[in-house]
>>> print(open('model_14.tsv').read())   # TSV, C-alpha atoms
chain	number	residue	atom	x	y	z
A	1	MET	CA	-95.27	-123.32	82.15
A	2	ALA	CA	-92.30	-120.88	82.38
A	3	TRP	CA	-92.34	-118.14	84.93
A	4	ASN	CA	-92.30	-115.39	82.29
A	5	GLU	CA	-95.13	-116.77	80.09
A	6	PRO	CA	-98.40	-114.81	80.07
A	7	GLY	CA	-101.40	-116.07	81.89
A	8	GLY	CA	-100.13	-116.15	85.36
A	9	GLY	CA	-97.99	-118.71	86.90
A	10	PRO	CA	-95.05	-118.31	89.17
A	11	LYS	CA	-93.51	-114.87	89.21
A	12	ASP	CA	-89.91	-113.86	88.58
A	13	PRO	CA	-87.81	-115.61	91.19
A	14	TRP	CA	-85.31	-112.71	91.19
A	15	SER	CA	-87.93	-110.12	92.03
A	16	GLY	CA	-89.01	-111.72	95.26
A	17	LYS	CA	-92.60	-111.22	94.34
A	18	GLY	CA	-95.30	-113.40	93.02
A	19	GLY	CA	-96.16	-116.86	93.85
A	20	GLU	CA	-94.19	-119.45	95.60
A	21	GLN	CA	-90.59	-118.67	96.66
A	22	GLY	CA	-88.82	-121.71	95.23
A	23	PRO	CA	-85.06	-122.10	94.71
A	24	PRO	CA	-83.66	-120.41	91.55
A	25	ASP	CA	-82.79	-122.43	88.51
A	26	LEU	CA	-78.98	-122.88	88.45
A	27	ASP	CA	-78.74	-123.14	84.68
A	28	GLU	CA	-80.67	-119.92	84.30
A	29	VAL	CA	-78.37	-118.09	86.69
A	30	VAL	CA	-75.27	-119.24	84.76
A	31	ARG	CA	-76.82	-118.27	81.44
A	32	LYS	CA	-77.69	-114.76	82.63
A	33	LEU	CA	-74.20	-114.29	84.09
A	34	GLN	CA	-72.68	-115.30	80.77
A	35	GLU	CA	-74.87	-112.85	78.91
A	36	ARG	CA	-73.91	-109.99	81.17
A	37	LEU	CA	-70.17	-110.75	80.87
A	38	GLY	CA	-70.55	-111.07	77.12
A	39	GLY	CA	-72.24	-107.67	76.94
A	40	LEU	CA	-69.45	-106.09	78.99
A	41	PHE	CA	-66.67	-107.42	76.76
A	42	GLY	CA	-68.53	-107.02	73.45
A	43	GLY	CA	-69.86	-110.55	73.20
A	44	SER	CA	-73.09	-111.72	71.65
A	45	GLN	CA	-76.33	-110.06	72.77
A	46	PRO	CA	-79.40	-111.92	73.88
A	47	PRO	CA	-82.13	-112.67	71.31
A	48	GLY	CA	-83.86	-109.61	70.03
A	49	GLY	CA	-80.60	-107.64	69.44
A	50	GLU	CA	-81.05	-105.43	72.48
A	51	GLY	CA	-78.72	-105.18	75.38
A	52	PRO	CA	-79.61	-104.83	79.00
A	53	SER	CA	-80.25	-101.14	78.44
A	54	GLY	CA	-82.54	-101.73	75.52
A	55	GLY	CA	-80.10	-100.38	72.88
A	56	ARG	CA	-78.24	-102.00	70.04
A	57	SER	CA	-74.56	-103.26	69.96
A	58	GLY	CA	-72.87	-99.83	70.38
A	59	GLY	CA	-71.62	-100.84	73.82
A	60	GLY	CA	-69.57	-103.61	72.24
A	61	GLN	CA	-67.26	-101.14	70.46
A	62	LEU	CA	-66.72	-99.23	73.66
A	63	SER	CA	-65.77	-102.44	75.48
A	64	THR	CA	-63.25	-103.32	72.73
A	65	LYS	CA	-61.48	-99.94	73.14
A	66	VAL	CA	-61.31	-100.39	76.89
A	67	ILE	CA	-59.80	-103.81	76.46
A	68	GLY	CA	-57.20	-102.41	74.01
A	69	ILE	CA	-56.26	-99.62	76.39
A	70	ILE	CA	-55.90	-102.07	79.24
A	71	ILE	CA	-53.73	-104.37	77.15
A	72	GLY	CA	-51.57	-101.43	76.03
A	73	VAL	CA	-51.06	-100.27	79.61
A	74	LEU	CA	-50.12	-103.78	80.64
A	75	VAL	CA	-47.62	-104.02	77.78
A	76	VAL	CA	-46.04	-100.69	78.74
A	77	ILE	CA	-45.76	-101.79	82.34
A	78	TRP	CA	-44.26	-105.09	81.24
A	79	LEU	CA	-41.68	-103.35	79.04
A	80	ALA	CA	-40.87	-100.88	81.81
A	81	THR	CA	-39.87	-103.76	84.06
A	82	GLY	CA	-36.92	-104.34	81.71
A	83	ILE	CA	-35.21	-101.10	82.73
A	84	TYR	CA	-32.34	-101.62	85.16
A	85	ILE	CA	-29.32	-99.63	86.42
A	86	VAL	CA	-25.86	-101.08	86.93
A	87	GLU	CA	-23.83	-99.45	89.72
A	88	PRO	CA	-20.18	-98.39	89.15
A	89	ALA	CA	-18.90	-101.35	91.18
A	90	GLU	CA	-21.12	-103.86	89.33
A	91	ARG	CA	-21.45	-105.59	86.00
A	92	GLY	CA	-24.77	-106.79	84.58
A	93	VAL	CA	-24.94	-110.30	83.12
A	94	VAL	CA	-27.90	-110.60	80.71
A	95	MET	CA	-29.40	-114.08	80.16
A	96	ARG	CA	-32.07	-115.04	77.65
A	97	PHE	CA	-34.03	-118.11	78.71
A	98	GLY	CA	-31.10	-118.92	81.05
A	99	ARG	CA	-28.42	-118.59	78.36
A	100	TYR	CA	-25.67	-115.95	78.56
A	101	VAL	CA	-26.17	-113.06	76.12
A	102	ASP	CA	-24.12	-110.03	77.15
A	103	THR	CA	-22.30	-108.22	79.96
A	104	THR	CA	-23.32	-104.60	80.52
A	105	GLU	CA	-21.19	-101.83	81.98
A	106	PRO	CA	-22.26	-99.36	84.71
A	107	GLY	CA	-25.19	-97.13	83.80
A	108	PRO	CA	-28.88	-97.43	82.81
A	109	HIS	CA	-29.81	-100.31	80.47
A	110	TRP	CA	-32.86	-102.16	79.15
A	111	HIS	CA	-33.52	-105.81	78.47
A	112	ILE	CA	-36.51	-107.84	77.40
A	113	PRO	CA	-38.46	-108.41	80.60
A	114	LEU	CA	-39.22	-111.72	82.22
A	115	PRO	CA	-39.76	-114.46	81.37
A	116	ILE	CA	-37.65	-113.90	78.25
A	117	GLU	CA	-34.52	-112.24	79.66
A	118	SER	CA	-33.12	-111.74	83.14
A	119	VAL	CA	-30.16	-109.79	84.58
A	120	VAL	CA	-27.78	-110.80	87.35
A	121	LYS	CA	-25.70	-108.02	88.87
A	122	VAL	CA	-22.19	-108.98	90.02
A	123	ASN	CA	-19.98	-106.80	92.23
A	124	VAL	CA	-16.54	-106.76	90.61
A	125	ASP	CA	-14.87	-104.34	93.08
A	126	GLU	CA	-15.45	-106.34	96.23
A	127	ILE	CA	-12.22	-107.83	97.60
A	128	SER	CA	-12.47	-111.29	99.09
A	129	THR	CA	-9.81	-112.58	101.49
A	130	LEU	CA	-8.66	-116.17	101.87
A	131	THR	CA	-6.35	-117.27	104.70
A	132	HIS	CA	-4.41	-120.53	104.59
A	133	ARG	CA	-2.28	-121.93	107.42
A	134	ALA	CA	-0.38	-125.19	107.17
A	135	ALA	CA	2.87	-126.97	108.01
A	136	MET	CA	4.87	-127.66	104.84
A	137	LEU	CA	8.03	-129.51	103.89
A	138	THR	CA	10.88	-127.52	102.30
A	139	GLN	CA	13.44	-128.63	99.75
A	140	ASP	CA	16.04	-129.42	102.43
A	141	GLU	CA	13.50	-131.64	104.24
A	142	ASN	CA	12.64	-129.21	107.03
A	143	ILE	CA	9.15	-128.56	108.33
A	144	VAL	CA	7.99	-124.97	108.48
A	145	GLU	CA	4.67	-123.39	109.42
A	146	VAL	CA	3.37	-120.99	106.75
A	147	GLU	CA	0.45	-118.56	106.82
A	148	LEU	CA	-0.79	-117.03	103.55
A	149	THR	CA	-3.42	-114.35	102.97
A	150	VAL	CA	-4.75	-114.29	99.40
A	151	GLN	CA	-6.93	-111.39	98.22
A	152	SER	CA	-8.94	-111.58	95.00
A	153	ARG	CA	-11.82	-109.98	93.15
A	154	ILE	CA	-14.04	-110.76	90.16
A	155	GLN	CA	-12.52	-109.80	86.82
A	156	ASP	CA	-14.91	-111.47	84.36
A	157	ALA	CA	-18.51	-111.71	85.61
A	158	ALA	CA	-19.62	-114.14	82.89
A	159	ASP	CA	-16.82	-116.60	83.60
A	160	TYR	CA	-17.44	-116.26	87.32
A	161	LEU	CA	-21.11	-117.26	86.89
A	162	PHE	CA	-20.98	-119.89	84.17
A	163	GLN	CA	-17.48	-121.37	83.70
A	164	ASP	CA	-16.77	-122.69	87.20
A	165	GLN	CA	-19.26	-124.13	89.63
A	166	ASP	CA	-17.53	-122.80	92.77
A	167	PRO	CA	-14.73	-120.27	92.02
A	168	GLU	CA	-13.98	-119.64	95.71
A	169	ARG	CA	-13.36	-123.31	96.34
A	170	THR	CA	-11.19	-123.52	93.24
A	171	LEU	CA	-9.15	-120.58	94.54
A	172	ASN	CA	-8.69	-122.30	97.90
A	173	ASP	CA	-7.57	-125.56	96.29
A	174	ALA	CA	-5.18	-123.72	93.98
A	175	THR	CA	-3.69	-121.83	96.94
A	176	VAL	CA	-3.03	-125.03	98.86
A	177	THR	CA	-1.49	-126.75	95.85
A	178	VAL	CA	0.73	-123.87	94.74
A	179	ALA	CA	1.93	-123.09	98.26
A	180	ARG	CA	3.10	-126.66	98.82
A	181	VAL	CA	4.80	-126.84	95.45
A	182	VAL	CA	6.68	-123.55	95.91
A	183	MET	CA	7.71	-124.37	99.48
A	184	GLY	CA	8.90	-127.79	98.33
A	185	GLN	CA	11.17	-126.08	95.82
A	186	SER	CA	12.67	-123.61	98.34
A	187	LYS	CA	15.13	-124.06	101.18
A	188	LEU	CA	14.29	-123.23	104.77
A	189	ASP	CA	16.89	-120.46	105.20
A	190	PHE	CA	15.70	-118.76	102.03
A	191	VAL	CA	12.06	-118.89	103.12
A	192	MET	CA	12.72	-117.61	106.65
A	193	THR	CA	15.04	-114.73	105.66
A	194	GLU	CA	15.32	-112.69	102.52
A	195	GLY	CA	13.29	-115.01	100.26
A	196	ARG	CA	9.88	-114.46	101.86
A	197	GLY	CA	8.88	-111.70	99.41
A	198	ALA	CA	10.09	-113.66	96.39
A	199	VAL	CA	8.16	-116.75	97.52
A	200	ALA	CA	4.96	-114.69	97.89
A	201	VAL	CA	5.37	-113.27	94.37
A	202	THR	CA	5.93	-116.73	92.90
A	203	ILE	CA	2.83	-118.10	94.67
A	204	LYS	CA	0.70	-115.21	93.37
A	205	GLU	CA	1.81	-115.74	89.77
A	206	ARG	CA	1.17	-119.47	89.82
A	207	ILE	CA	-2.26	-119.12	91.45
A	208	GLN	CA	-3.28	-116.63	88.77
A	209	LYS	CA	-2.21	-119.05	86.05
A	210	LEU	CA	-4.47	-121.74	87.52
A	211	MET	CA	-7.36	-119.28	87.83
A	212	ASP	CA	-6.98	-118.36	84.16
A	213	ARG	CA	-6.72	-121.99	83.12
A	214	TYR	CA	-9.99	-122.92	84.90
A	215	LYS	CA	-11.70	-119.67	83.74
A	216	THR	CA	-12.95	-118.80	87.20
A	217	GLY	CA	-13.21	-115.10	86.35
A	218	LEU	CA	-11.14	-114.21	89.44
A	219	ILE	CA	-7.97	-112.12	89.58
A	220	VAL	CA	-5.53	-112.43	92.48
A	221	THR	CA	-4.72	-108.92	93.68
A	222	SER	CA	-2.18	-109.75	96.38
A	223	VAL	CA	-0.58	-112.58	98.33
A	224	ASN	CA	0.83	-111.75	101.76
A	225	MET	CA	3.06	-114.26	103.49
A	226	GLN	CA	3.62	-114.01	107.22
A	227	PRO	CA	7.11	-114.80	108.58
A	228	ALA	CA	7.65	-118.54	108.43
A	229	LYS	CA	7.99	-120.26	111.80
A	230	PRO	CA	9.68	-123.51	112.71
A	231	PRO	CA	7.83	-126.10	114.79
A	232	GLU	CA	7.72	-125.45	118.51
A	233	GLN	CA	9.91	-128.47	119.26
A	234	VAL	CA	12.94	-126.99	117.45
A	235	LYS	CA	12.16	-123.28	117.83
A	236	ALA	CA	15.03	-122.65	120.28
A	237	ALA	CA	17.59	-124.16	117.92
A	238	PHE	CA	16.25	-122.10	115.03
A	239	ASP	CA	16.45	-118.93	117.12
A	240	ASP	CA	20.11	-119.64	117.89
A	241	ALA	CA	20.82	-120.24	114.23
A	242	ILE	CA	19.10	-117.01	113.25
A	243	LYS	CA	21.05	-115.06	115.89
A	244	ALA	CA	24.32	-116.51	114.62
A	245	ARG	CA	23.36	-115.55	111.08
A	246	GLU	CA	22.56	-112.02	112.19
A	247	ASP	CA	25.92	-111.75	113.98
A	248	LYS	CA	27.65	-112.97	110.84
A	249	GLU	CA	25.89	-110.35	108.72
A	250	ARG	CA	26.71	-107.65	111.29
A	251	LEU	CA	30.42	-108.52	111.29
A	252	GLU	CA	30.47	-108.65	107.50
A	253	ASN	CA	28.90	-105.22	107.37
A	254	GLN	CA	31.47	-103.85	109.80
A	255	ALA	CA	34.31	-105.35	107.76
A	256	GLU	CA	32.88	-103.92	104.59
A	257	ALA	CA	32.56	-100.49	106.20
A	258	TYR	CA	36.18	-100.66	107.38
A	259	ALA	CA	37.31	-101.72	103.93
A	260	ASN	CA	35.37	-98.86	102.37
A	261	GLU	CA	37.13	-96.48	104.75
A	262	VAL	CA	40.67	-97.85	104.36
A	263	LEU	CA	40.80	-98.74	100.70
A	264	PRO	CA	40.20	-95.22	99.32
A	265	SER	CA	42.99	-93.85	101.56
A	266	ALA	CA	45.34	-96.62	100.50
A	267	ARG	CA	44.50	-96.08	96.86
A	268	GLY	CA	45.12	-92.34	97.29
A	269	ASN	CA	48.51	-92.95	98.91
A	270	ALA	CA	49.44	-95.40	96.20
A	271	ALA	CA	48.45	-92.92	93.52
A	272	ARG	CA	50.48	-90.18	95.26
A	273	ILE	CA	53.55	-92.42	95.52
A	274	LEU	CA	53.24	-93.38	91.88
A	275	ALA	CA	52.92	-89.72	90.91
A	276	ASP	CA	56.00	-88.80	92.99
A	277	ALA	CA	57.97	-91.65	91.46
A	278	LYS	CA	56.95	-90.57	88.00
A	279	ALA	CA	57.94	-86.97	88.75
A	280	TYR	CA	61.29	-88.13	90.18
A	281	ARG	CA	61.88	-90.24	87.13
A	282	ASP	CA	61.08	-87.36	84.80
A	283	ARG	CA	63.30	-85.02	86.85
A	284	VAL	CA	66.25	-87.42	86.84
A	285	ILE	CA	65.86	-88.09	83.15
A	286	ALA	CA	65.64	-84.37	82.39
A	287	SER	CA	68.70	-83.65	84.60
A	288	ALA	CA	70.67	-86.43	82.95
A	289	GLU	CA	69.70	-85.19	79.53
A	290	GLY	CA	70.72	-81.64	80.55
A	291	GLU	CA	74.08	-82.85	81.91
A	292	THR	CA	74.62	-84.80	78.75
A	293	ALA	CA	73.87	-81.78	76.60
A	294	ARG	CA	76.14	-79.59	78.75
A	295	PHE	CA	78.95	-82.11	78.60
A	296	SER	CA	78.54	-82.39	74.84
A	297	ALA	CA	78.72	-78.59	74.57
A	298	VAL	CA	81.83	-78.45	76.80
A	299	LEU	CA	83.40	-81.25	74.81
A	300	ALA	CA	82.85	-79.33	71.61
A	301	GLU	CA	84.46	-76.21	73.14
A	302	TYR	CA	87.34	-78.25	74.55
A	303	SER	CA	88.06	-79.77	71.18
A	304	ARG	CA	88.38	-76.28	69.72
A	305	ALA	CA	90.34	-74.60	72.61
A	306	PRO	CA	91.67	-77.11	75.13
A	307	GLU	CA	93.73	-74.71	77.29
A	308	VAL	CA	91.12	-72.05	77.66
A	309	THR	CA	88.41	-74.59	78.39
A	310	ARG	CA	90.57	-76.37	80.95
A	311	GLN	CA	91.33	-73.08	82.74
A	312	ARG	CA	87.66	-72.08	82.76
A	313	LEU	CA	86.59	-75.43	84.15
A	314	TYR	CA	89.18	-75.16	86.89
A	315	LEU	CA	88.08	-71.68	87.90
A	316	GLU	CA	84.40	-72.64	87.91
A	317	THR	CA	85.14	-75.70	90.03
A	318	MET	CA	87.21	-73.75	92.55
A	319	GLU	CA	84.53	-71.06	92.75
A	320	GLU	CA	81.94	-73.65	93.52
A	321	VAL	CA	84.09	-75.39	96.14
A	322	LEU	CA	85.47	-72.31	97.89
A	323	GLY	CA	82.15	-70.51	97.75
A	324	LYS	CA	80.87	-72.83	100.47
A	325	ASN	CA	83.92	-72.32	102.70
A	326	GLY	CA	83.94	-69.69	105.50
A	327	LYS	CA	87.68	-69.05	105.39
A	328	VAL	CA	89.24	-65.98	103.81
A	329	VAL	CA	92.59	-66.33	102.02
A	330	LEU	CA	94.70	-63.17	101.63
A	331	ASP	CA	97.63	-62.95	99.32
A	332	VAL	CA	100.33	-60.54	100.62
A	333	THR	CA	103.61	-59.52	99.09
A	334	ASP	CA	107.03	-60.48	100.41
A	335	GLY	CA	108.23	-58.65	103.50
A	336	ALA	CA	104.82	-57.32	104.43
A	337	ASN	CA	104.02	-56.63	108.00
A	338	SER	CA	101.25	-58.09	110.02
A	339	LEU	CA	97.83	-57.49	108.54
A	340	MET	CA	94.74	-56.60	110.51
A	341	TYR	CA	91.87	-58.98	109.57
A	342	LEU	CA	88.23	-58.20	110.06
A	343	PRO	CA	85.83	-61.18	110.30
A	344	ILE	CA	83.73	-60.09	107.36
A	345	ASP	CA	81.71	-63.28	107.27
A	346	GLN	CA	80.67	-62.88	110.92
A	347	LEU	CA	79.79	-59.25	110.37
A	348	MET	CA	77.62	-60.16	107.40
A	349	LYS	CA	75.78	-62.89	109.35
A	350	GLN	CA	75.20	-60.52	112.29
A	351	THR	CA	73.91	-57.82	109.96
A	352	GLN	CA	71.49	-60.27	108.33
A	353	THR	CA	70.23	-61.40	111.75
A	354	GLN	CA	69.57	-57.84	112.89
A	355	THR	CA	67.84	-57.02	109.62
A	356	GLN	CA	65.46	-59.96	110.01
A	357	SER	CA	64.71	-59.15	113.67
A	358	GLU	CA	64.27	-55.37	113.03
A	359	PRO	CA	62.48	-55.02	109.69
A	360	GLN	CA	61.63	-51.34	110.49
A	361	THR	CA	65.27	-50.20	110.63
A	362	GLN	CA	65.88	-47.21	108.38
A	363	PRO	CA	68.48	-47.81	105.68
A	364	SER	CA	71.65	-45.69	105.58
A	365	LEU	CA	72.14	-42.89	103.16
A	366	SER	CA	74.54	-44.93	101.05
A	367	GLY	CA	71.96	-47.65	100.59
A	368	SER	CA	74.06	-50.29	102.44
A	369	PRO	CA	72.96	-52.02	105.62
A	370	ALA	CA	73.97	-50.12	108.78
A	371	LEU	CA	76.99	-51.61	110.58
A	372	PRO	CA	76.74	-52.25	114.30
A	373	GLU	CA	78.33	-49.74	116.62
A	374	ARG	CA	80.54	-52.37	118.24
A	375	ILE	CA	82.08	-55.49	116.78
A	376	ASP	CA	81.97	-58.25	119.29
A	377	PRO	CA	84.30	-60.76	117.62
A	378	PRO	CA	87.97	-59.81	118.29
A	379	LEU	CA	90.35	-58.88	115.55
A	380	ARG	CA	92.78	-61.47	114.44
A	381	THR	CA	96.27	-60.82	113.19
A	382	VAL	CA	97.44	-63.03	110.41
A	383	ASP	CA	101.16	-63.23	109.72
A	384	ARG	CA	101.98	-65.09	106.67
A	385	GLU	CA	105.21	-65.43	104.88
A	386	ARG	CA	105.34	-66.26	101.35
A	387	ARG	CA	108.18	-68.40	100.30
A	388	ALA	CA	110.02	-67.40	97.26
A	389	ARG	CA	109.24	-69.47	94.36
>>> encode(input="model_14.tsv", output="structure tokens")
Amino acid sequence: MAWNEPGGGPKDPWSGKGGEQGPPDLDEVVRKLQERLGGLFGGSQPPGGEGPSGGRSGGGQLSTKVIGIIIGVLVVIWLATGIYIVEPAERGVVMRFGRYVDTTEPGPHWHIPLPIESVVKVNVDEISTLTHRAAMLTQDENIVEVELTVQSRIQDAADYLFQDQDPERTLNDATVTVARVVMGQSKLDFVMTEGRGAVAVTIKERIQKLMDRYKTGLIVTSVNMQPAKPPEQVKAAFDDAIKAREDKERLENQAEAYANEVLPSARGNAARILADAKAYRDRVIASAEGETARFSAVLAEYSRAPEVTRQRLYLETMEEVLGKNGKVVLDVTDGANSLMYLPIDQLMKQTQTQTQSEPQTQPSLSGSPALPERIDPPLRTVDRERRAR
């Protein structure tokens, strides 16, 4: 007989009352638990159509609405997890089931949440530094110690994540390879002196070509090369060679400075001499042409009046010759007595000297220079006899 049948018998085991307190029926407990859960979530009601509260199935509709609201809230929360923000120094790489989809720029974005899509943020402004030190062989078979510092950053986030397994290791290998190739194509003197900057530029360009070929997503920003050093065993000899080279350059600079100082002066003197020679040439040519024209004019006059022209030429020649002579020739008649002679030329020279030394001297009323009060040179008496012709 069941515990809930009329006529007595064991009481309800859940009430703790009644007859014997035996262990509860496990199947009954599971069945009642299922009924209660079914009533909460709108499941089937126990026989008789009444729920635990004695009503009909109105509680089932209420449970369905609650479940819908809960599901909607969960969906909203799930979709909200797809919102992400990319910082200015970052790039967002969107993957759908592990496959690359897109690269997003800085700012707020949304993607389908997990497990469908995921986002990996990559810092593209961070500078990474790689240092490489090694002893290398140059083109002229000399060993030199080189130290390189290579700086790089991420240029393409997708290539950096998916195209190369280890971009940093690829960069290191490329640096080693390119450095040895470039040093093997350069001479030691060029590397240790003025060619250090050119070698660094060449290494940077070739490393970037390898990075682009392997699609590592990295860009080489700079390559700095420290001064190359010879091995310690031959360092003293290299220092002497460098000092001799510096002395050679210093002497060459001094010679060039001296040449720059002397050459312009020499060129100026040469130009002045050439200009003087040209002027002398033009003057001589012009004088010769003038003499030629004058002679031609005199010749034309002589052909028309020979006597008159001859007399005029004679007088002009004598005037020019005697004009430079300091002697005075006096022509006296026959039987003349002694003639008093005044040294007119000396008086004129003395007057000119006094005029130059006394510029404030007042002129005489007649307008002629004032004669000195005393004539120092003595008078000379000239007696000349003219022979009868």
>>> residues_near_point(input="model_14.tsv", point="(2.8, -126.1, 93.0)", cutoff="12 Å", atoms="only C-alpha atoms", output="PDB file with C-alpha atoms, in the frame of the given file")
ATOM      1  CA  ASP A 173      -7.570-125.560  96.290  1.00  0.00           C
ATOM      2  CA  ALA A 174      -5.180-123.720  93.980  1.00  0.00           C
ATOM      3  CA  THR A 175      -3.690-121.830  96.940  1.00  0.00           C
ATOM      4  CA  VAL A 176      -3.030-125.030  98.860  1.00  0.00           C
ATOM      5  CA  THR A 177      -1.490-126.750  95.850  1.00  0.00           C
ATOM      6  CA  VAL A 178       0.730-123.870  94.740  1.00  0.00           C
ATOM      7  CA  ALA A 179       1.930-123.090  98.260  1.00  0.00           C
ATOM      8  CA  ARG A 180       3.100-126.660  98.820  1.00  0.00           C
ATOM      9  CA  VAL A 181       4.800-126.840  95.450  1.00  0.00           C
ATOM     10  CA  VAL A 182       6.680-123.550  95.910  1.00  0.00           C
ATOM     11  CA  MET A 183       7.710-124.370  99.480  1.00  0.00           C
ATOM     12  CA  GLY A 184       8.900-127.790  98.330  1.00  0.00           C
ATOM     13  CA  GLN A 185      11.170-126.080  95.820  1.00  0.00           C
ATOM     14  CA  SER A 186      12.670-123.610  98.340  1.00  0.00           C
ATOM     15  CA  VAL A 199       8.160-116.750  97.520  1.00  0.00           C
ATOM     16  CA  THR A 202       5.930-116.730  92.900  1.00  0.00           C
ATOM     17  CA  ILE A 203       2.830-118.100  94.670  1.00  0.00           C
ATOM     18  CA  LYS A 204       0.700-115.210  93.370  1.00  0.00           C
ATOM     19  CA  GLU A 205       1.810-115.740  89.770  1.00  0.00           C
ATOM     20  CA  ARG A 206       1.170-119.470  89.820  1.00  0.00           C
ATOM     21  CA  ILE A 207      -2.260-119.120  91.450  1.00  0.00           C
ATOM     22  CA  LYS A 209      -2.210-119.050  86.050  1.00  0.00           C
ATOM     23  CA  LEU A 210      -4.470-121.740  87.520  1.00  0.00           C
TER      24      LEU A 210
END
>>> closest_residue(input="model_14.tsv", among="A:Ser118, A:Asn123, A:Asn172, A:Thr292", to="Glu105 of chain A", atoms="all atoms listed in the file")
A:Asn123
>>> atom_distance(input="model_14.tsv", atom1="atom CA of Glu145 of chain A", atom2="atom CA of Tyr214 of chain A")
28.6 Å
>>> residues_near_point(input="model_14.tsv", point="(3.7, -112.7, 103.4)", cutoff="12 Å", atoms="only C-alpha atoms", output="compact mmCIF listing (two decimals) with C-alpha atoms, in the coordinates of the input")
# COMPACT_ATOMS: atom_id res chain seq x y z
CA THR A 131 -6.35 -117.27 104.70
CA HIS A 132 -4.41 -120.53 104.59
CA ARG A 133 -2.28 -121.93 107.42
CA VAL A 146 3.37 -120.99 106.75
CA GLU A 147 0.45 -118.56 106.82
CA LEU A 148 -0.79 -117.03 103.55
CA THR A 149 -3.42 -114.35 102.97
CA VAL A 150 -4.75 -114.29 99.40
CA GLN A 151 -6.93 -111.39 98.22
CA ALA A 179 1.93 -123.09 98.26
CA VAL A 191 12.06 -118.89 103.12
CA MET A 192 12.72 -117.61 106.65
CA THR A 193 15.04 -114.73 105.66
CA GLU A 194 15.32 -112.69 102.52
CA GLY A 195 13.29 -115.01 100.26
CA ARG A 196 9.88 -114.46 101.86
CA GLY A 197 8.88 -111.70 99.41
CA ALA A 198 10.09 -113.66 96.39
CA VAL A 199 8.16 -116.75 97.52
CA ALA A 200 4.96 -114.69 97.89
CA VAL A 201 5.37 -113.27 94.37
CA THR A 202 5.93 -116.73 92.90
CA ILE A 203 2.83 -118.10 94.67
CA LYS A 204 0.70 -115.21 93.37
CA SER A 222 -2.18 -109.75 96.38
CA VAL A 223 -0.58 -112.58 98.33
CA ASN A 224 0.83 -111.75 101.76
CA MET A 225 3.06 -114.26 103.49
CA GLN A 226 3.62 -114.01 107.22
CA PRO A 227 7.11 -114.80 108.58
CA ALA A 228 7.65 -118.54 108.43
>>> residues_around(input="model_14.tsv", residues="Glu141 of chain A", least_positions_apart="2", cutoff="9 Å", atoms="only C-alpha atoms", output="ChimeraX atom specification")
/A:137-139,143,184,187-188
>>> closest_residue(input="model_14.tsv", among="A:Lys248, A:Arg91, A:Asn142, A:Ser63", to="Lys229 of chain A", atoms="only C-alpha atoms")
A:Asn142
>>> atom_distance(input="model_14.tsv", atom1="atom CA of Ile116 of chain A", atom2="atom CA of Leu74 of chain A")
16.2 Å
>>> atom_distance(input="model_14.tsv", atom1="atom CA of Ala266 of chain A", atom2="atom CA of Glu252 of chain A")
20.4 Å
>>> closest_residue(input="model_14.tsv", among="A:Tyr160, A:Ala244, A:Glu256, A:Ser265", to="Val93 of chain A", atoms="only C-alpha atoms")
A:Tyr160
>>> residues_around(input="model_14.tsv", residues="segment 161-171 of chain A", least_positions_apart="6", cutoff="8 Å", atoms="only C-alpha atoms", output="VMD selection string")
chain A and resid 207 211 214 to 218
>>> closest_residue(input="model_14.tsv", among="A:Met348, A:Ile112, A:Val124, A:Val75", to="Glu87 of chain A", atoms="all atoms listed in the file")
A:Val124
>>> decode(input="model_14.tsv", residues="segment 150-158 of chain A", atoms="N, CA and C atoms", output="PDB file, in the first residue's frame")
ATOM      1  N   VAL A 150      71.420  48.294 -34.980  1.00  0.00           N
ATOM      2  CA  VAL A 150      70.305  48.348 -35.933  1.00  0.00           C
ATOM      3  C   VAL A 150      69.024  48.592 -35.144  1.00  0.00           C
ATOM      4  N   GLN A 151      68.300  49.628 -35.522  1.00  0.00           N
ATOM      5  CA  GLN A 151      67.013  49.956 -34.900  1.00  0.00           C
ATOM      6  C   GLN A 151      65.891  49.727 -35.912  1.00  0.00           C
ATOM      7  N   SER A 152      64.804  49.125 -35.444  1.00  0.00           N
ATOM      8  CA  SER A 152      63.683  48.789 -36.323  1.00  0.00           C
ATOM      9  C   SER A 152      62.383  48.906 -35.556  1.00  0.00           C
ATOM     10  N   ARG A 153      61.295  48.918 -36.302  1.00  0.00           N
ATOM     11  CA  ARG A 153      59.952  48.904 -35.734  1.00  0.00           C
ATOM     12  C   ARG A 153      59.028  48.163 -36.688  1.00  0.00           C
ATOM     13  N   ILE A 154      57.807  47.873 -36.205  1.00  0.00           N
ATOM     14  CA  ILE A 154      56.840  47.118 -37.004  1.00  0.00           C
ATOM     15  C   ILE A 154      56.133  48.068 -37.968  1.00  0.00           C
ATOM     16  N   GLN A 155      56.164  47.727 -39.234  1.00  0.00           N
ATOM     17  CA  GLN A 155      55.474  48.523 -40.246  1.00  0.00           C
ATOM     18  C   GLN A 155      54.140  47.897 -40.650  1.00  0.00           C
ATOM     19  N   ASP A 156      54.110  46.602 -40.830  1.00  0.00           N
ATOM     20  CA  ASP A 156      52.890  45.888 -41.218  1.00  0.00           C
ATOM     21  C   ASP A 156      52.609  44.837 -40.146  1.00  0.00           C
ATOM     22  N   ALA A 157      51.547  45.052 -39.362  1.00  0.00           N
ATOM     23  CA  ALA A 157      51.250  44.146 -38.245  1.00  0.00           C
ATOM     24  C   ALA A 157      50.854  42.758 -38.732  1.00  0.00           C
ATOM     25  N   ALA A 158      50.116  42.685 -39.835  1.00  0.00           N
ATOM     26  CA  ALA A 158      49.681  41.377 -40.343  1.00  0.00           C
ATOM     27  C   ALA A 158      50.869  40.547 -40.802  1.00  0.00           C
TER      28      ALA A 158
END
